[in-house]
$ cat model-v1.cif   # mmCIF, C-alpha atoms
data_start
#
loop_
_atom_site.label_atom_id
_atom_site.label_comp_id
_atom_site.auth_asym_id
_atom_site.auth_seq_id
_atom_site.Cartn_x
_atom_site.Cartn_y
_atom_site.Cartn_z
CA THR A 1 -54.83 -34.46 -22.23
CA SER A 2 -51.57 -34.00 -20.41
CA GLU A 3 -48.36 -32.70 -21.95
CA LYS A 4 -46.84 -36.17 -21.67
CA GLU A 5 -49.77 -37.78 -23.48
CA ARG A 6 -49.61 -35.15 -26.22
CA ALA A 7 -45.86 -35.67 -26.61
CA GLN A 8 -46.26 -39.46 -26.79
CA ARG A 9 -48.97 -39.20 -29.46
CA ALA A 10 -46.78 -36.82 -31.49
CA ILE A 11 -43.80 -39.20 -31.19
CA ASP A 12 -45.96 -42.12 -32.33
CA GLU A 13 -47.11 -40.21 -35.42
CA PHE A 14 -43.61 -38.95 -36.31
CA GLU A 15 -42.24 -42.49 -35.93
CA LYS A 16 -44.77 -43.63 -38.54
CA VAL A 17 -43.57 -40.91 -40.92
CA ALA A 18 -39.91 -41.77 -40.27
CA ALA A 19 -40.58 -45.45 -40.96
CA LYS A 20 -42.58 -44.82 -44.15
CA TYR A 21 -40.63 -42.04 -45.88
CA GLY A 22 -37.01 -41.27 -46.65
CA ASP A 23 -35.16 -38.00 -46.19
CA PRO A 24 -35.84 -35.13 -45.79
CA TYR A 25 -39.05 -36.32 -44.07
CA LYS A 26 -37.26 -38.95 -42.00
CA ALA A 27 -34.69 -36.45 -40.68
CA SER A 28 -37.41 -33.91 -39.89
CA SER A 29 -39.44 -36.58 -38.13
CA ARG A 30 -36.42 -37.61 -36.05
CA TYR A 31 -35.99 -33.97 -35.00
CA PHE A 32 -39.65 -33.67 -33.96
CA ILE A 33 -39.46 -37.00 -32.12
CA ALA A 34 -36.43 -35.78 -30.16
CA THR A 35 -37.99 -32.43 -29.27
CA ASN A 36 -41.21 -34.09 -28.12
CA ARG A 37 -39.23 -36.67 -26.16
CA LEU A 38 -37.77 -33.87 -24.01
CA THR A 39 -40.88 -34.07 -21.81
CA LEU A 40 -40.81 -37.89 -21.57
CA ASP A 41 -37.17 -39.00 -21.52
CA ARG A 42 -34.90 -35.99 -21.34
CA PRO A 43 -31.54 -37.83 -21.41
CA LYS A 44 -32.52 -39.85 -24.49
CA ALA A 45 -33.91 -36.73 -26.19
CA MET A 46 -30.70 -34.80 -25.47
CA SER A 47 -28.67 -37.64 -26.95
CA GLU A 48 -30.86 -37.72 -30.07
CA LEU A 49 -30.63 -33.94 -30.47
CA ALA A 50 -26.85 -34.08 -30.12
CA GLU A 51 -26.69 -36.79 -32.79
CA LEU A 52 -28.92 -34.79 -35.13
CA GLY A 53 -26.94 -31.62 -34.40
CA ASN A 54 -23.78 -33.34 -35.58
CA SER A 55 -25.44 -34.99 -38.59
CA GLY A 56 -24.36 -32.38 -41.12
CA ASP A 57 -27.93 -32.02 -42.39
CA GLY A 58 -28.08 -28.37 -43.45
CA GLU A 59 -31.61 -27.81 -42.16
CA ILE A 60 -32.03 -30.24 -39.29
CA ALA A 61 -28.57 -29.98 -37.69
CA PRO A 62 -28.88 -26.27 -36.73
CA LEU A 63 -32.43 -26.79 -35.43
CA ALA A 64 -31.35 -29.78 -33.35
CA LYS A 65 -28.31 -27.95 -32.02
CA PHE A 66 -30.49 -24.95 -31.10
CA ALA A 67 -33.06 -27.16 -29.35
CA LEU A 68 -30.25 -28.90 -27.46
CA ALA A 69 -28.75 -25.56 -26.44
CA GLN A 70 -32.13 -24.36 -25.19
CA ALA A 71 -32.59 -27.59 -23.21
CA GLN A 72 -29.10 -27.26 -21.71
CA GLU A 73 -29.84 -23.65 -20.81
CA SER A 74 -33.14 -24.53 -19.14
CA ASP A 75 -31.38 -27.31 -17.21
CA GLY A 76 -28.86 -24.76 -15.89
CA LYS A 77 -25.97 -26.23 -17.92
CA LEU A 78 -24.92 -22.79 -19.05
CA GLN A 79 -21.37 -23.61 -20.16
CA GLU A 80 -22.66 -26.36 -22.47
CA ALA A 81 -25.40 -24.07 -23.78
CA SER A 82 -22.95 -21.23 -24.42
CA GLN A 83 -20.69 -23.54 -26.44
CA LEU A 84 -23.62 -24.72 -28.57
CA TYR A 85 -24.89 -21.18 -29.18
CA SER A 86 -21.36 -20.08 -30.07
CA ASP A 87 -21.02 -22.98 -32.54
CA LEU A 88 -24.39 -22.08 -34.05
CA ALA A 89 -23.39 -18.44 -34.53
CA LYS A 90 -20.27 -19.57 -36.42
CA LEU A 91 -22.32 -21.81 -38.74
CA ASN A 92 -23.86 -18.74 -40.34
CA SER A 93 -27.02 -20.73 -41.02
CA ALA A 94 -30.16 -19.26 -42.51
CA ILE A 95 -32.18 -21.70 -40.36
CA VAL A 96 -30.83 -20.45 -37.01
CA THR A 97 -29.27 -17.12 -37.85
CA PRO A 98 -26.11 -15.83 -36.18
CA GLU A 99 -28.22 -13.00 -34.73
CA THR A 100 -30.54 -15.46 -33.02
CA ALA A 101 -27.69 -17.65 -31.75
CA ASN A 102 -25.75 -14.63 -30.48
CA LEU A 103 -28.83 -13.22 -28.77
CA ARG A 104 -29.28 -16.49 -26.84
CA LEU A 105 -25.53 -16.58 -26.15
CA ALA A 106 -25.68 -13.07 -24.72
CA LYS A 107 -28.52 -14.11 -22.42
CA VAL A 108 -26.48 -17.09 -21.22
CA TYR A 109 -23.46 -14.84 -20.65
CA GLU A 110 -25.67 -12.57 -18.57
CA LYS A 111 -26.77 -15.55 -16.46
CA LEU A 112 -23.10 -16.50 -16.04
CA GLY A 113 -22.32 -12.99 -14.79
CA LYS A 114 -20.35 -12.12 -17.94
CA LYS A 115 -21.97 -8.71 -18.37
CA LYS A 116 -19.29 -7.27 -20.65
CA GLU A 117 -19.38 -10.24 -23.05
CA ALA A 118 -23.18 -10.10 -23.12
CA SER A 119 -23.14 -6.36 -23.71
CA ASP A 120 -20.58 -6.71 -26.52
CA LEU A 121 -22.65 -9.34 -28.31
CA LEU A 122 -25.87 -7.37 -27.97
CA PHE A 123 -24.19 -4.18 -29.15
CA ASN A 124 -22.73 -5.95 -32.21
CA ILE A 125 -26.11 -7.44 -33.16
CA VAL A 126 -27.90 -4.10 -33.00
CA ASP A 127 -25.05 -2.11 -34.54
CA ALA A 128 -24.79 -4.45 -37.55
CA SER A 129 -28.55 -4.44 -37.99
CA ARG A 130 -28.81 -0.66 -37.91
CA LYS A 131 -25.91 -0.23 -40.32
CA ALA A 132 -27.44 -2.74 -42.72
CA LYS A 133 -30.79 -0.96 -42.50
CA ALA A 134 -29.12 2.40 -43.18
CA ALA A 135 -27.54 0.93 -46.32
CA ASP A 136 -30.78 -0.69 -47.47
CA LYS A 137 -33.90 1.13 -46.31
CA THR A 138 -36.15 -1.76 -47.40
CA LEU A 139 -34.41 -4.22 -45.08
CA PRO A 140 -36.65 -5.04 -42.12
CA THR A 141 -35.21 -5.16 -38.62
CA SER A 142 -35.14 -8.73 -37.37
CA SER A 143 -36.90 -9.72 -34.18
CA ALA A 144 -33.52 -10.82 -32.78
CA ALA A 145 -32.07 -7.35 -33.40
CA ARG A 146 -35.10 -5.68 -31.79
CA GLU A 147 -34.87 -7.94 -28.76
CA ALA A 148 -31.09 -7.41 -28.57
CA ALA A 149 -31.66 -3.64 -28.48
CA GLN A 150 -34.15 -4.01 -25.62
CA GLU A 151 -31.80 -6.31 -23.71
CA LEU A 152 -28.82 -4.00 -24.23
CA GLN A 153 -30.83 -0.99 -23.06
CA LYS A 154 -31.64 -2.83 -19.81
CA LEU A 155 -28.21 -4.41 -19.32
CA ASP A 156 -25.94 -1.51 -20.29
CA PRO A 157 -27.72 1.80 -21.00
CA ASP A 158 -24.40 3.61 -21.55
CA ARG A 159 -23.40 1.15 -24.26
CA TYR A 160 -26.87 1.36 -25.79
CA ALA A 161 -26.43 5.14 -26.08
CA GLN A 162 -23.35 4.55 -28.27
CA LEU A 163 -25.38 2.84 -30.99
CA PRO A 164 -26.02 4.62 -34.27
CA PRO A 165 -29.51 6.09 -34.37
CA GLU A 166 -32.30 3.87 -35.56
CA ASN A 167 -33.61 4.91 -38.97
CA ILE A 168 -37.36 4.95 -38.70
CA SER A 169 -39.20 4.58 -41.95
CA LEU A 170 -42.56 6.31 -42.17
CA GLY A 171 -43.31 5.17 -45.70
#
$ encode --input "model-v1.cif" --output "structure tokens"
Amino acid sequence: TSEKERAQRAIDEFEKVAAKYGDPYKASSRYFIATNRLTLDRPKAMSELAELGNSGDGEIAPLAKFALAQAQESDGKLQEASQLYSDLAKLNSAIVTPETANLRLAKVYEKLGKKKEASDLLFNIVDASRKAKAADKTLPTSSAAREAAQELQKLDPDRYAQLPPENISLG
């Protein structure tokens, strides 16, 4: 089946769940409907994601805002995407962590030609992660911090060299 057929079937099923059950299932279903609708009716999906992103729902709002930011970014609306990623980073959500939001923001800054801002964000992500790991050896390095380190090394090798050394655990 095509991507559009798959998306329509998913929307149909999530609409059944939204109609039958209350929250949190209804809110989650609305989120999945909106994300699947991106392939069928992008403007309507973007509107639904914006509404969900502003809903105040502690779990769905950050996911919807992140999906909207990603859609804006893929559509080349980089200023809009950067604002959403910046808002997400300030939320300090456990659903979409500040590290993840700032990593995406840094990538948007890089696309906008804001190399210094991108480099600063990437440096701060990796620096904070390495300092936290040094303080607590059991703390795993997040995938966002690992990716930020790789991006920083490519974008600004001199800045990357200023990072504290990575503590490698062999145990």
$ resolve_selection --input "model-v1.cif" --expression "the PyMOL selection byres ((chain A and resi 148) around 7)" --output "list in words"
Leu103, Leu122, Ile125, Val126, Ala144, Ala145, Arg146, Glu147, Ala149, Gln150, Glu151 and Leu152 of chain A
$ resolve_selection --input "model-v1.cif" --expression "the PyMOL selection byres ((chain A and resi 46-50) around 8)" --output "number ranges by chain"
A: 31, 34-35, 38, 42-45, 51-54, 64-65, 67-68, 71
$ closest_residue --input "model-v1.cif" --among "A:Val108, A:Glu13, A:Ala61, A:Glu166" --to "Lys137 of chain A" --atoms "only C-alpha atoms"
A:Glu166
$ atom_distance --input "model-v1.cif" --atom1 "atom CA of Asp87 of chain A" --atom2 "atom CA of Leu40 of chain A"
27.1 Å
$ closest_residue --input "model-v1.cif" --among "A:Val96, A:Leu155, A:Ala18, A:Leu163" --to "Ala118 of chain A" --atoms "all atoms listed in the file"
A:Leu155
$ closest_residue --input "model-v1.cif" --among "A:Tyr160, A:Thr97, A:Ser86, A:Phe32" --to "Ala10 of chain A" --atoms "all atoms listed in the file"
A:Phe32
$ atom_distance --input "model-v1.cif" --atom1 "atom CA of Leu121 of chain A" --atom2 "atom CA of Asn102 of chain A"
6.5 Å
$ atom_distance --input "model-v1.cif" --atom1 "atom CA of Thr141 of chain A" --atom2 "atom CA of Gln70 of chain A"
23.6 Å
$ resolve_selection --input "model-v1.cif" --expression "the PyMOL selection byres ((chain A and resi 165) around 10)" --output "list in words"
Asp127, Arg130, Lys131, Ala134, Ala161, Gln162, Leu163, Pro164, Glu166, Asn167 and Ile168 of chain A
$ write_last_selection --input "model-v1.cif" --atoms "C-alpha atoms" --output "mmCIF file, in the coordinates of the input"
data_model
loop_
_atom_site.group_PDB
_atom_site.id
_atom_site.type_symbol
_atom_site.label_atom_id
_atom_site.label_comp_id
_atom_site.auth_asym_id
_atom_site.auth_seq_id
_atom_site.Cartn_x
_atom_site.Cartn_y
_atom_site.Cartn_z
ATOM 1 C CA ASP A 127 -25.050 -2.110 -34.540
ATOM 2 C CA ARG A 130 -28.810 -0.660 -37.910
ATOM 3 C CA LYS A 131 -25.910 -0.230 -40.320
ATOM 4 C CA ALA A 134 -29.120 2.400 -43.180
ATOM 5 C CA ALA A 161 -26.430 5.140 -26.080
ATOM 6 C CA GLN A 162 -23.350 4.550 -28.270
ATOM 7 C CA LEU A 163 -25.380 2.840 -30.990
ATOM 8 C CA PRO A 164 -26.020 4.620 -34.270
ATOM 9 C CA GLU A 166 -32.300 3.870 -35.560
ATOM 10 C CA ASN A 167 -33.610 4.910 -38.970
ATOM 11 C CA ILE A 168 -37.360 4.950 -38.700
#
$ residues_near_point --input "model-v1.cif" --point "(-23.3, -21.8, -39.9)" --cutoff "12 Å" --atoms "all atoms listed in the file" --output "mmCIF file with C-alpha atoms, in the coordinates of the input"
data_model
loop_
_atom_site.group_PDB
_atom_site.id
_atom_site.type_symbol
_atom_site.label_atom_id
_atom_site.label_comp_id
_atom_site.auth_asym_id
_atom_site.auth_seq_id
_atom_site.Cartn_x
_atom_site.Cartn_y
_atom_site.Cartn_z
ATOM 1 C CA GLY A 53 -26.940 -31.620 -34.400
ATOM 2 C CA GLY A 56 -24.360 -32.380 -41.120
ATOM 3 C CA ASP A 57 -27.930 -32.020 -42.390
ATOM 4 C CA GLY A 58 -28.080 -28.370 -43.450
ATOM 5 C CA GLU A 59 -31.610 -27.810 -42.160
ATOM 6 C CA ALA A 61 -28.570 -29.980 -37.690
ATOM 7 C CA PRO A 62 -28.880 -26.270 -36.730
ATOM 8 C CA LEU A 63 -32.430 -26.790 -35.430
ATOM 9 C CA LYS A 65 -28.310 -27.950 -32.020
ATOM 10 C CA PHE A 66 -30.490 -24.950 -31.100
ATOM 11 C CA LEU A 84 -23.620 -24.720 -28.570
ATOM 12 C CA TYR A 85 -24.890 -21.180 -29.180
ATOM 13 C CA SER A 86 -21.360 -20.080 -30.070
ATOM 14 C CA ASP A 87 -21.020 -22.980 -32.540
ATOM 15 C CA LEU A 88 -24.390 -22.080 -34.050
ATOM 16 C CA ALA A 89 -23.390 -18.440 -34.530
ATOM 17 C CA LYS A 90 -20.270 -19.570 -36.420
ATOM 18 C CA LEU A 91 -22.320 -21.810 -38.740
ATOM 19 C CA ASN A 92 -23.860 -18.740 -40.340
ATOM 20 C CA SER A 93 -27.020 -20.730 -41.020
ATOM 21 C CA ALA A 94 -30.160 -19.260 -42.510
ATOM 22 C CA ILE A 95 -32.180 -21.700 -40.360
ATOM 23 C CA VAL A 96 -30.830 -20.450 -37.010
ATOM 24 C CA THR A 97 -29.270 -17.120 -37.850
ATOM 25 C CA PRO A 98 -26.110 -15.830 -36.180
ATOM 26 C CA GLU A 99 -28.220 -13.000 -34.730
ATOM 27 C CA THR A 100 -30.540 -15.460 -33.020
ATOM 28 C CA ALA A 101 -27.690 -17.650 -31.750
#
$ closest_residue --input "model-v1.cif" --among "A:Pro140, A:Tyr109, A:Lys26, A:Glu15" --to "Gln83 of chain A" --atoms "all atoms listed in the file"
A:Tyr109
